[in-house]
file data.tsv (TSV, C-alpha atoms)
chain	number	residue	atom	x	y	z
A	1	MET	CA	22.99	16.93	39.11
A	2	LEU	CA	22.90	16.10	35.45
A	3	GLY	CA	19.70	14.60	34.14
A	4	MET	CA	19.48	11.27	32.38
A	5	SER	CA	20.07	11.44	28.65
A	6	LYS	CA	19.98	8.90	25.88
A	7	ALA	CA	22.16	8.38	22.84
A	8	ILE	CA	20.58	9.72	19.66
A	9	MET	CA	21.94	9.52	16.14
A	10	LYS	CA	20.84	12.12	13.60
A	11	ILE	CA	21.93	12.97	10.08
A	12	ALA	CA	20.95	16.28	8.55
A	13	LYS	CA	19.96	16.78	4.94
A	14	LEU	CA	22.28	18.56	2.56
A	15	GLY	CA	22.65	22.24	3.47
A	16	GLU	CA	21.24	21.84	6.98
A	17	ASP	CA	23.09	22.23	10.29
A	18	ILE	CA	22.48	19.13	12.35
A	19	ARG	CA	22.76	21.11	15.58
A	20	TYR	CA	19.88	23.44	14.85
A	21	THR	CA	17.68	21.95	12.17
A	22	THR	CA	14.19	20.62	12.73
A	23	ASP	CA	13.18	16.99	12.37
A	24	LYS	CA	11.66	17.78	8.98
A	25	ASN	CA	15.17	18.41	7.60
A	26	LEU	CA	16.74	15.20	8.82
A	27	SER	CA	17.61	12.40	6.44
A	28	PHE	CA	17.86	10.02	9.38
A	29	SER	CA	17.05	10.00	13.09
A	30	SER	CA	17.41	7.09	15.46
A	31	GLU	CA	14.34	8.43	17.27
A	32	ILE	CA	12.19	7.74	14.25
A	33	GLU	CA	11.36	4.15	13.44
A	34	THR	CA	12.27	2.70	10.07
A	35	PRO	CA	10.83	-0.55	8.71
A	36	LYS	CA	13.03	-3.62	9.12
A	37	ILE	CA	12.51	-6.04	6.27
A	38	PHE	CA	13.18	-9.67	7.10
A	39	MET	CA	11.74	-11.46	4.10
A	40	GLN	CA	10.95	-11.09	0.43
A	41	THR	CA	9.18	-14.04	-1.12
A	42	ALA	CA	7.13	-15.26	-4.06
A	43	SER	CA	5.73	-18.16	-2.02
A	44	GLY	CA	3.44	-18.55	0.95
A	45	TYR	CA	5.11	-18.71	4.34
A	46	ASP	CA	4.15	-20.03	7.74
A	47	LEU	CA	4.47	-17.12	10.18
A	48	THR	CA	3.45	-19.14	13.26
A	49	ALA	CA	6.97	-18.98	14.68
A	50	LEU	CA	6.79	-15.17	14.81
A	51	GLY	CA	3.89	-15.27	17.24
A	52	TYR	CA	2.21	-12.17	15.82
A	53	ILE	CA	1.10	-10.63	12.50
A	54	PRO	CA	3.86	-8.55	10.87
A	55	SER	CA	3.43	-5.92	8.18
A	56	PHE	CA	3.79	-6.57	4.50
A	57	MET	CA	3.76	-4.92	1.13
A	58	GLY	CA	2.25	-7.01	-1.65
A	59	PHE	CA	3.03	-6.92	-5.34
A	60	ARG	CA	1.87	-8.82	-8.37
A	61	GLN	CA	3.81	-9.71	-11.46
A	62	LEU	CA	1.71	-8.81	-14.47
A	63	SER	CA	1.45	-10.70	-17.73
A	64	SER	CA	0.29	-10.38	-21.31
A	65	THR	CA	-2.89	-12.33	-20.47
A	66	ILE	CA	-4.25	-9.57	-18.27
A	67	ILE	CA	-7.08	-7.65	-19.83
A	68	THR	CA	-9.37	-4.89	-18.67
A	69	ARG	CA	-13.06	-5.53	-19.15
A	70	THR	CA	-15.15	-2.44	-19.81
A	71	SER	CA	-18.27	-4.57	-20.10
A	72	SER	CA	-19.11	-8.26	-19.91
A	73	ALA	CA	-18.35	-8.60	-23.60
A	74	THR	CA	-15.82	-5.88	-24.29
A	75	TYR	CA	-12.26	-5.71	-23.17
A	76	ILE	CA	-9.13	-3.78	-23.87
A	77	ALA	CA	-5.71	-5.33	-23.94
A	78	SER	CA	-3.56	-4.26	-21.05
A	79	GLY	CA	-0.27	-4.30	-22.94
A	80	PHE	CA	1.57	-5.72	-19.92
A	81	ASP	CA	4.20	-8.43	-19.93
A	82	SER	CA	5.96	-10.56	-17.36
A	83	GLY	CA	8.55	-7.87	-16.72
A	84	ASP	CA	5.90	-5.57	-15.27
A	85	TYR	CA	5.05	-5.33	-11.59
A	86	THR	CA	2.42	-3.43	-9.66
A	87	PHE	CA	0.88	-3.47	-6.21
A	88	SER	CA	-1.35	-6.30	-5.10
A	89	ILE	CA	-4.56	-4.51	-4.19
A	90	SER	CA	-6.47	-6.65	-1.75
A	91	SER	CA	-10.04	-5.73	-2.48
A	92	THR	CA	-12.25	-4.19	-5.06
A	93	ALA	CA	-15.70	-2.74	-5.36
A	94	GLY	CA	-17.99	-5.25	-6.92
A	95	ASP	CA	-15.59	-8.19	-7.06
A	96	SER	CA	-15.56	-11.14	-4.75
A	97	PRO	CA	-13.73	-10.12	-1.59
A	98	SER	CA	-12.20	-13.56	-1.34
A	99	TRP	CA	-9.89	-12.43	-4.09
A	100	GLY	CA	-7.40	-11.44	-1.44
A	101	GLY	CA	-4.18	-11.00	-3.32
A	102	VAL	CA	-1.22	-11.03	-0.97
A	103	THR	CA	-2.53	-11.34	2.55
A	104	ILE	CA	-1.89	-12.79	6.00
A	105	ALA	CA	-4.59	-14.97	7.52
A	106	GLU	CA	-5.03	-16.98	10.66
A	107	THR	CA	-4.87	-20.74	10.41
A	108	LEU	CA	-5.49	-23.46	13.01
A	109	THR	CA	-1.89	-23.24	14.15
A	110	GLY	CA	-1.03	-19.60	13.69
A	111	PHE	CA	-0.66	-17.09	10.89
A	112	GLU	CA	0.25	-17.71	7.30
A	113	LEU	CA	1.39	-15.42	4.51
A	114	TYR	CA	-0.57	-16.14	1.33
A	115	VAL	CA	1.05	-15.27	-1.96
A	116	GLY	CA	-0.95	-16.67	-4.85
A	117	GLY	CA	-3.02	-19.80	-4.54
A	118	TYR	CA	-6.42	-20.14	-2.88
A	119	SER	CA	-6.30	-16.98	-0.84
A	120	GLY	CA	-4.11	-15.32	-3.36
A	121	TYR	CA	-6.46	-14.40	-6.09
A	122	PHE	CA	-5.67	-10.94	-7.24
A	123	PHE	CA	-8.04	-8.31	-8.30
A	124	GLY	CA	-8.05	-8.36	-12.05
A	125	HIS	CA	-9.34	-10.52	-14.74
A	126	SER	CA	-7.10	-13.52	-14.60
A	127	TRP	CA	-8.14	-16.19	-12.17
A	128	ALA	CA	-5.60	-17.06	-9.51
A	129	ASP	CA	-2.67	-15.02	-10.68
A	130	THR	CA	0.48	-16.75	-9.53
A	131	GLY	CA	2.83	-13.81	-9.80
A	132	GLY	CA	2.53	-12.58	-6.24
A	133	ARG	CA	5.42	-11.07	-4.28
A	134	ALA	CA	5.54	-10.04	-0.64
A	135	ILE	CA	7.92	-7.84	1.29
A	136	VAL	CA	7.50	-8.59	4.98
A	137	PHE	CA	8.77	-6.38	7.80
A	138	PHE	CA	8.56	-6.47	11.57
A	139	ASP	CA	6.04	-3.67	12.25
A	140	SER	CA	3.21	-5.30	14.15
A	141	ASN	CA	-0.39	-5.62	12.99
A	142	SER	CA	-1.62	-7.45	16.06
A	143	THR	CA	-1.48	-7.32	19.84
A	144	GLU	CA	0.29	-10.62	20.45
A	145	THR	CA	3.73	-10.57	22.03
A	146	PRO	CA	6.31	-11.60	19.41
A	147	THR	CA	8.16	-14.85	19.97
A	148	ALA	CA	11.87	-14.43	20.70
A	149	LEU	CA	13.94	-15.01	17.56
A	150	SER	CA	16.96	-17.26	17.31
A	151	LEU	CA	19.27	-15.33	15.05
A	152	GLU	CA	22.72	-16.16	13.84
A	153	ASN	CA	25.56	-14.49	15.71
A	154	THR	CA	26.83	-11.84	13.33
A	155	PRO	CA	28.45	-8.42	13.66
A	156	ALA	CA	25.66	-5.87	13.76
A	157	ILE	CA	24.78	-2.32	14.64
A	158	LEU	CA	21.83	-2.26	17.01
A	159	LEU	CA	20.07	0.71	18.59
A	160	ALA	CA	17.23	0.01	20.98
A	161	SER	CA	14.07	2.04	21.24
A	162	GLN	CA	13.54	3.94	24.48
A	163	GLY	CA	12.78	1.54	27.29
A	164	HIS	CA	14.27	-1.46	25.52
A	165	SER	CA	17.65	-3.14	25.31
A	166	VAL	CA	19.59	-4.27	22.26
A	167	SER	CA	18.82	-7.87	23.18
A	168	ASP	CA	15.10	-7.30	22.70
A	169	HIS	CA	13.08	-8.33	19.66
A	170	PRO	CA	13.96	-6.43	16.44
A	171	LEU	CA	10.48	-4.93	16.67
A	172	ASP	CA	11.80	-2.87	19.61
A	173	LEU	CA	14.99	-1.71	17.93
A	174	ASN	CA	15.26	1.55	15.99
A	175	ILE	CA	18.33	0.33	14.13
A	176	ASP	CA	19.13	-3.29	13.35
A	177	SER	CA	21.67	-3.82	10.60
A	178	ARG	CA	20.83	-7.54	10.46
A	179	PHE	CA	17.78	-6.68	8.39
A	180	ASP	CA	17.04	-4.74	5.26
A	181	THR	CA	15.11	-1.48	5.02
A	182	PHE	CA	13.58	0.69	2.34
A	183	LYS	CA	16.28	2.74	0.65
A	184	ILE	CA	15.12	5.77	-1.31
A	185	TYR	CA	16.68	6.16	-4.76
A	186	LYS	CA	14.71	8.95	-6.38
A	187	THR	CA	11.63	11.07	-5.95
A	188	GLY	CA	9.83	13.10	-8.53
A	189	THR	CA	6.58	13.92	-10.26
A	190	LEU	CA	4.77	12.29	-13.16
A	191	GLU	CA	2.02	14.32	-14.77
A	192	LEU	CA	-0.46	13.80	-17.57
A	193	SER	CA	-2.32	16.75	-19.07
A	194	LEU	CA	-5.30	15.34	-20.93
A	195	GLY	CA	-7.23	17.56	-23.31
A	196	ALA	CA	-10.93	17.68	-23.90
A	197	GLU	CA	-12.02	14.94	-26.30
A	198	THR	CA	-14.73	12.58	-27.43
A	199	VAL	CA	-14.00	8.87	-27.40
A	200	THR	CA	-16.33	7.02	-29.73
A	201	THR	CA	-17.92	3.65	-29.18
A	202	GLY	CA	-15.51	0.74	-29.39
A	203	ASN	CA	-12.47	2.95	-28.97
A	204	THR	CA	-10.22	4.08	-26.15
A	205	SER	CA	-7.72	6.90	-25.70
A	206	SER	CA	-4.56	6.34	-23.68
A	207	SER	CA	-1.79	8.60	-22.43
A	208	THR	CA	1.33	7.50	-20.59
A	209	ALA	CA	3.93	9.32	-18.51
A	210	VAL	CA	7.21	7.57	-17.79
A	211	TYR	CA	10.20	8.06	-15.53
A	212	ALA	CA	13.27	6.12	-16.62
A	213	HIS	CA	14.88	4.80	-13.45
A	214	ASN	CA	17.28	2.52	-15.44
A	215	LEU	CA	18.02	0.33	-12.40
A	216	GLY	CA	17.90	-2.87	-14.45
A	217	TYR	CA	15.33	-4.54	-12.18
A	218	PRO	CA	11.77	-3.69	-11.02
A	219	PRO	CA	12.20	-1.44	-7.97
A	220	VAL	CA	9.79	-0.91	-5.12
A	221	TYR	CA	7.92	2.34	-5.59
A	222	LEU	CA	5.28	4.51	-3.99
A	223	PRO	CA	2.45	5.46	-4.05
A	224	GLU	CA	0.58	2.19	-3.75
A	225	ALA	CA	-1.41	2.56	-6.94
A	226	GLY	CA	-2.12	-0.62	-8.87
A	227	VAL	CA	-3.71	-1.17	-12.27
A	228	ASP	CA	-7.34	-0.84	-13.36
A	229	TRP	CA	-8.05	1.97	-10.89
A	230	ASN	CA	-11.32	3.62	-11.91
A	231	ILE	CA	-10.56	7.12	-10.65
A	232	GLY	CA	-13.42	9.44	-9.73
A	233	ASN	CA	-16.00	9.51	-6.98
A	234	ALA	CA	-19.27	7.60	-6.77
A	235	TYR	CA	-20.77	9.99	-9.30
A	236	GLY	CA	-17.93	9.62	-11.77
A	237	VAL	CA	-16.55	13.08	-11.01
A	238	VAL	CA	-12.78	13.36	-11.06
A	239	ALA	CA	-11.09	16.17	-9.13
A	240	ASN	CA	-8.95	18.41	-11.33
A	241	PRO	CA	-6.04	18.13	-10.89
A	242	PHE	CA	-6.31	14.56	-9.69
A	243	ILE	CA	-3.48	13.89	-7.27
A	244	VAL	CA	-2.89	10.14	-7.12
A	245	ASN	CA	-1.22	10.27	-3.69
A	246	ASP	CA	-4.14	12.15	-2.09
A	247	ASN	CA	-6.79	9.69	-3.25
A	248	LEU	CA	-5.32	6.34	-2.30
A	249	GLY	CA	-7.62	6.00	0.69
A	250	ASP	CA	-10.68	5.71	-1.50
A	251	ARG	CA	-9.38	3.96	-4.61
A	252	ALA	CA	-11.86	1.77	-6.43
A	253	TYR	CA	-11.16	-1.03	-8.82
A	254	MET	CA	-14.28	-1.95	-10.73
A	255	SER	CA	-15.18	-5.15	-12.49
A	256	TYR	CA	-16.14	-3.13	-15.54
A	257	PRO	CA	-14.31	0.16	-15.30
A	258	SER	CA	-15.33	3.07	-17.44
A	259	GLY	CA	-14.28	6.67	-17.72
A	260	HIS	CA	-10.71	7.21	-16.60
A	261	ILE	CA	-8.76	4.04	-15.84
A	262	LEU	CA	-5.43	4.59	-14.12
A	263	ASP	CA	-2.58	2.08	-14.31
A	264	VAL	CA	0.69	2.44	-12.42
A	265	TRP	CA	3.39	-0.17	-12.77
A	266	VAL	CA	7.16	-0.60	-12.88
A	267	ASP	CA	9.56	-2.61	-15.01
A	268	ASN	CA	13.35	-2.97	-15.27
A	269	THR	CA	13.68	0.45	-16.87
A	270	ASN	CA	10.67	2.64	-16.16
A	271	LEU	CA	8.04	3.72	-13.70
A	272	ASN	CA	4.87	4.05	-15.75
A	273	MET	CA	1.62	5.95	-15.23
A	274	ARG	CA	-1.09	5.47	-17.84
A	275	VAL	CA	-4.64	6.79	-18.10
A	276	THR	CA	-7.10	5.18	-20.49
A	277	ARG	CA	-10.37	6.85	-21.41
A	278	THR	CA	-13.23	4.63	-22.50
A	279	GLU	CA	-16.19	5.74	-24.60
A	280	GLY	CA	-17.58	9.15	-23.63
A	281	GLU	CA	-17.21	12.92	-23.60
A	282	TYR	CA	-14.31	14.32	-21.61
A	283	THR	CA	-13.15	17.72	-20.42
A	284	ALA	CA	-9.50	18.57	-19.85
A	285	LEU	CA	-7.93	16.85	-16.86
A	286	THR	CA	-4.52	16.89	-15.16
A	287	ILE	CA	-3.36	13.78	-13.33
A	288	ARG	CA	-0.32	14.09	-11.09
A	289	MET	CA	1.60	11.53	-9.08
A	290	TYR	CA	4.43	12.25	-6.64
A	291	TYR	CA	6.54	9.14	-6.83
A	292	THR	CA	9.30	7.59	-4.80
A	293	ILE	CA	11.52	4.87	-6.19
A	294	PHE	CA	13.53	2.70	-3.86
A	295	TYR	CA	16.67	0.67	-4.47
A	296	ASN	CA	14.80	-2.38	-3.18
A	297	ASP	CA	14.13	-5.00	-5.89
A	298	ILE	CA	10.57	-6.36	-6.00
A	299	SER	CA	11.73	-9.59	-7.66
A	300	GLU	CA	14.40	-10.39	-5.08
A	301	GLU	CA	13.84	-13.24	-2.62
A	302	PHE	CA	15.49	-13.74	0.76
A	303	ASN	CA	14.72	-14.78	4.31
A	304	LEU	CA	16.88	-13.12	6.95
A	305	LEU	CA	15.36	-15.22	9.73
A	306	SER	CA	17.08	-18.38	8.54
B	1	MET	CA	-28.61	-12.98	-1.61
B	2	ALA	CA	-26.83	-9.67	-1.85
B	3	GLY	CA	-28.55	-6.67	-0.31
B	4	GLY	CA	-27.94	-2.97	-0.15
B	5	SER	CA	-25.18	-1.17	1.66
B	6	ASP	CA	-27.10	0.16	4.65
B	7	VAL	CA	-24.37	-0.66	7.13
B	8	PRO	CA	-23.88	2.38	9.41
B	9	VAL	CA	-20.61	4.18	8.75
B	10	TYR	CA	-18.57	5.54	11.63
B	11	LYS	CA	-15.63	7.87	11.37
B	12	LYS	CA	-12.46	8.53	13.34
B	13	ASP	CA	-9.92	11.30	12.84
B	14	ILE	CA	-6.17	11.06	13.23
B	15	VAL	CA	-4.68	14.50	13.78
B	16	HIS	CA	-0.97	14.30	12.89
B	17	ASN	CA	-0.18	18.02	12.44
B	18	LEU	CA	2.64	17.32	9.97
B	19	GLY	CA	1.63	20.15	7.66
B	20	TYR	CA	1.53	17.82	4.64
B	21	LYS	CA	-0.25	14.63	3.63
B	22	PRO	CA	1.92	11.68	4.74
B	23	ILE	CA	1.93	8.20	3.28
B	24	VAL	CA	-0.69	6.10	5.03
B	25	ARG	CA	-0.61	2.35	5.38
B	26	ALA	CA	-3.50	0.93	7.32
B	27	PHE	CA	-4.46	-2.66	7.92
B	28	VAL	CA	-7.51	-4.33	9.32
B	29	TYR	CA	-8.02	-7.98	10.19
B	30	ILE	CA	-11.36	-9.07	8.83
B	31	LYS	CA	-13.29	-12.23	9.53
B	32	ALA	CA	-16.52	-11.76	7.66
B	33	HIS	CA	-18.56	-13.31	4.90
B	34	SER	CA	-15.98	-14.96	2.62
B	35	VAL	CA	-13.16	-12.75	3.87
B	36	ASN	CA	-10.54	-13.93	6.30
B	37	GLY	CA	-7.26	-12.19	6.75
B	38	LEU	CA	-5.28	-9.03	7.08
B	39	ARG	CA	-6.25	-6.55	4.42
B	40	GLU	CA	-4.95	-3.13	3.57
B	41	VAL	CA	-7.30	-0.18	3.68
B	42	PRO	CA	-9.26	0.73	1.59
B	43	ILE	CA	-11.23	-2.46	1.47
B	44	ASN	CA	-14.71	-3.34	0.30
B	45	TYR	CA	-16.15	-6.51	1.73
B	46	TYR	CA	-19.38	-8.30	2.58
B	47	ILE	CA	-20.89	-9.00	5.95
B	48	SER	CA	-23.85	-11.23	6.70
B	49	LYS	CA	-26.54	-10.62	9.25
B	50	TYR	CA	-29.72	-12.37	10.27
B	51	VAL	CA	-32.89	-10.38	9.84
B	52	GLU	CA	-36.10	-11.70	11.31
B	53	ASP	CA	-38.70	-12.60	8.70
B	54	MET	CA	-36.06	-12.34	5.99
B	55	GLY	CA	-33.33	-14.71	7.02
B	56	ARG	CA	-29.67	-14.15	6.39
B	57	ILE	CA	-28.82	-11.23	4.17
B	58	ILE	CA	-25.53	-10.10	2.72
B	59	LEU	CA	-24.51	-6.46	2.92
B	60	ASP	CA	-21.55	-4.74	1.40
B	61	THR	CA	-19.51	-2.37	3.49
B	62	ARG	CA	-16.14	-0.72	3.34
B	63	ILE	CA	-13.29	0.76	5.29
B	64	TYR	CA	-11.54	3.71	3.72
B	65	TYR	CA	-9.86	6.99	4.55
B	66	GLU	CA	-9.29	10.46	3.22
B	67	HIS	CA	-6.97	13.34	3.96
B	68	ILE	CA	-9.23	16.05	5.33
B	69	ASP	CA	-6.40	18.54	5.13
B	70	ASN	CA	-2.63	18.59	5.61
B	71	ASN	CA	-2.99	17.77	9.29
B	72	THR	CA	-5.89	15.33	9.60
B	73	ILE	CA	-6.80	11.93	8.21
B	74	ARG	CA	-10.34	10.59	8.57
B	75	PHE	CA	-11.10	6.87	8.61
B	76	TYR	CA	-14.53	5.45	7.88
B	77	GLY	CA	-15.84	2.00	8.71
B	78	GLN	CA	-18.09	-0.12	10.85
B	79	GLN	CA	-18.36	0.47	14.56
B	80	ASN	CA	-15.74	-1.25	16.71
B	81	THR	CA	-13.41	-1.89	13.79
B	82	THR	CA	-9.75	-1.95	14.76
B	83	VAL	CA	-7.47	-0.43	12.14
B	84	GLN	CA	-3.71	-0.51	12.55
B	85	VAL	CA	-2.40	2.73	11.04
B	86	THR	CA	1.18	3.67	10.20
B	87	LEU	CA	2.05	7.14	8.97
B	88	TYR	CA	5.35	7.55	7.15
B	89	ILE	CA	7.12	10.85	7.70
B	90	GLU	CA	9.21	10.20	4.59
B	91	PRO	CA	8.97	10.21	1.64
B	92	ARG	CA	6.83	13.26	1.06
B	93	GLU	CA	6.12	15.34	-1.99
B	94	ASP	CA	8.56	18.13	-1.20
B	95	ALA	CA	11.43	15.79	-0.43
B	96	TRP	CA	14.85	17.17	-1.15
B	97	TYR	CA	16.53	14.23	-2.84
B	98	GLU	CA	14.99	14.66	-6.28

call {"tool": "encode", "arguments": {"input": "data.tsv", "output": "structure tokens"}}
result
Amino acid sequence: MLGMSKAIMKIAKLGEDIRYTTDKNLSFSSEIETPKIFMQTASGYDLTALGYIPSFMGFRQLSSTIITRTSSATYIASGFDSGDYTFSISSTAGDSPSWGGVTIAETLTGFELYVGGYSGYFFGHSWADTGGRAIVFFDSNSTETPTALSLENTPAILLASQGHSVSDHPLDLNIDSRFDTFKIYKTGTLELSLGAETVTTGNTSSSTAVYAHNLGYPPVYLPEAGVDWNIGNAYGVVANPFIVNDNLGDRAYMSYPSGHILDVWVDNTNLNMRVTRTEGEYTALTIRMYYTIFYNDISEEFNLLS
Amino acid sequence: MAGGSDVPVYKKDIVHNLGYKPIVRAFVYIKAHSVNGLREVPINYYISKYVEDMGRIILDTRIYYEHIDNNTIRFYGQQNTTVQVTLYIEPREDAWYE
């Protein structure tokens, strides 16, 4: 008697034999979940109808008014403009934690997505930045059972997760062509090799590495590094080389950063990584970031639930 | 009145055995002193507690993580904190599509 089997769709990477390769060498597998994006917005949104807390990725649109304070009286110009975007980092060491940036919070009636406004203060030095952006996808961040969605009848490719049917909530589908997903455009490495130097009082020293994506719009990127990241541990020691991707779990954004300040942001043409040294004595340091750029446009807005 | 950060720190390991450091996205829902909402880890925030003979004090605490090696991620935070963690298999640093 033949055993029960399930339909699986796999696509191998270039040069690999789909019949024999390992999961590591797949460019796609229906057994592996991919995020399903249902909304991109620059405004707050009432999520009560969803019945649970979805996942999100928050961004902020920068501006020329943003400065970096290295002391209560001293600041350095950021050099940003309205075409620059970075991640909305939801908390900082030393700043008020109510500066939530893009976040989802519970209200009297359900859950609400906050993008700018009262709960949308961003870390930084401009009060109540209004340039917030959110990408919202179905992955759950709570234990509530999602409310059934009423979606428009449209041709679609659906593949249910094991134990579910294609009529179930998109949360339980491995493939759902009715929604968007993150589409990888390019990966690569940005590296800065900083020499030993002395930065004198009142001065700074900056170095920037750039990848020209030339997409014509600000694309979603990883890793989730924002601006004004004061790299280094509690004692000010920076690992050498400093791998941005490996230190995201402990990133600190200080009210008055000093030492090495890392900024990562994207614009219509480039992915940028900049390190600024404030006053002090410095030894040589290498900073490396493994980046991924997606086709997804941070500035785009849509709601696939309506 | 802000106090020191003497909130006990607990740790929890996630052993993924991927052989590389994957992208981590972790969220925690916090209802604490002046914080209400879903926040991405790492997060620094304040909690308040009542101490006899002192009154209510404010303490800073944090939730954060680190890659212990290519197979293990360690999370740190207060006891009984629920953190929703997603590990992304792709993209990774040795991805082929560069």

call {"tool": "residues_around", "arguments": {"input": "data.tsv", "residues": "Ile23 of chain B", "least_positions_apart": "5", "cutoff": "12 Å", "atoms": "only C-alpha atoms", "output": "MDAnalysis selection string"}}
result
(chainID A and resid 222:224 244:249 290:292) or (chainID B and resid 16 18 65:67 70 73 85:93)

call {"tool": "residues_around", "arguments": {"input": "data.tsv", "residues": "Ile67 of chain A", "least_positions_apart": "4", "cutoff": "6 Å", "atoms": "all atoms listed in the file", "output": "ChimeraX atom specification"}}
result
/A:76-78

call {"tool": "closest_residue", "arguments": {"input": "data.tsv", "among": "B:Asn44, B:Gln84, B:Asn36, B:Asn17", "to": "Leu59 of chain B", "atoms": "all atoms listed in the file"}}
result
B:Asn44

call {"tool": "residues_around", "arguments": {"input": "data.tsv", "residues": "Pro257 of chain A", "least_positions_apart": "5", "cutoff": "8 Å", "atoms": "only C-alpha atoms", "output": "list in words"}}
result
Thr68, Arg69, Thr70, Ser71, Asp228, Trp229 and Asn230 of chain A

call {"tool": "residues_around", "arguments": {"input": "data.tsv", "residues": "Ser29 of chain A", "least_positions_apart": "2", "cutoff": "7 Å", "atoms": "all atoms listed in the file", "output": "JSON, numbers by chain"}}
result
{"A": [9, 10, 11, 26, 31, 32]}

call {"tool": "residues_around", "arguments": {"input": "data.tsv", "residues": "Arg74 of chain B", "least_positions_apart": "4", "cutoff": "9 Å", "atoms": "all atoms listed in the file", "output": "list in words"}}
result
Lys11, Lys12, Asp13, Ile14, Val15, Tyr64, Tyr65, Glu66, His67 and Ile68 of chain B

call {"tool": "atom_distance", "arguments": {"input": "data.tsv", "atom1": "atom CA of Ser206 of chain A", "atom2": "atom CA of Val266 of chain A"}}
result
17.4 Å

call {"tool": "closest_residue", "arguments": {"input": "data.tsv", "among": "A:Ile89, A:Val237, A:Leu62, A:Val199", "to": "chain B", "atoms": "all atoms listed in the file"}}
result
A:Ile89

call {"tool": "atom_distance", "arguments": {"input": "data.tsv", "atom1": "atom CA of Leu113 of chain A", "atom2": "atom CA of Ala252 of chain A"}}
result
24.3 Å

call {"tool": "closest_residue", "arguments": {"input": "data.tsv", "among": "A:Asp176, A:Glu191, A:Asp139, A:Asp81", "to": "chain B", "atoms": "all atoms listed in the file"}}
result
A:Asp139

call {"tool": "closest_residue", "arguments": {"input": "data.tsv", "among": "B:Ile63, B:Ala26, B:Ile57, B:Leu38", "to": "chain A", "atoms": "all atoms listed in the file"}}
result
B:Leu38

call {"tool": "atom_distance", "arguments": {"input": "data.tsv", "atom1": "atom CA of Ile287 of chain A", "atom2": "atom CA of Tyr221 of chain A"}}
result
17.8 Å

call {"tool": "closest_residue", "arguments": {"input": "data.tsv", "among": "B:Thr82, B:Val7, B:Val28, B:Asp69", "to": "Tyr46 of chain B", "atoms": "all atoms listed in the file"}}
result
B:Val7

call {"tool": "closest_residue", "arguments": {"input": "data.tsv", "among": "B:Pro22, B:Thr81, B:Tyr45, B:His33", "to": "chain A", "atoms": "only C-alpha atoms"}}
result
B:Tyr45
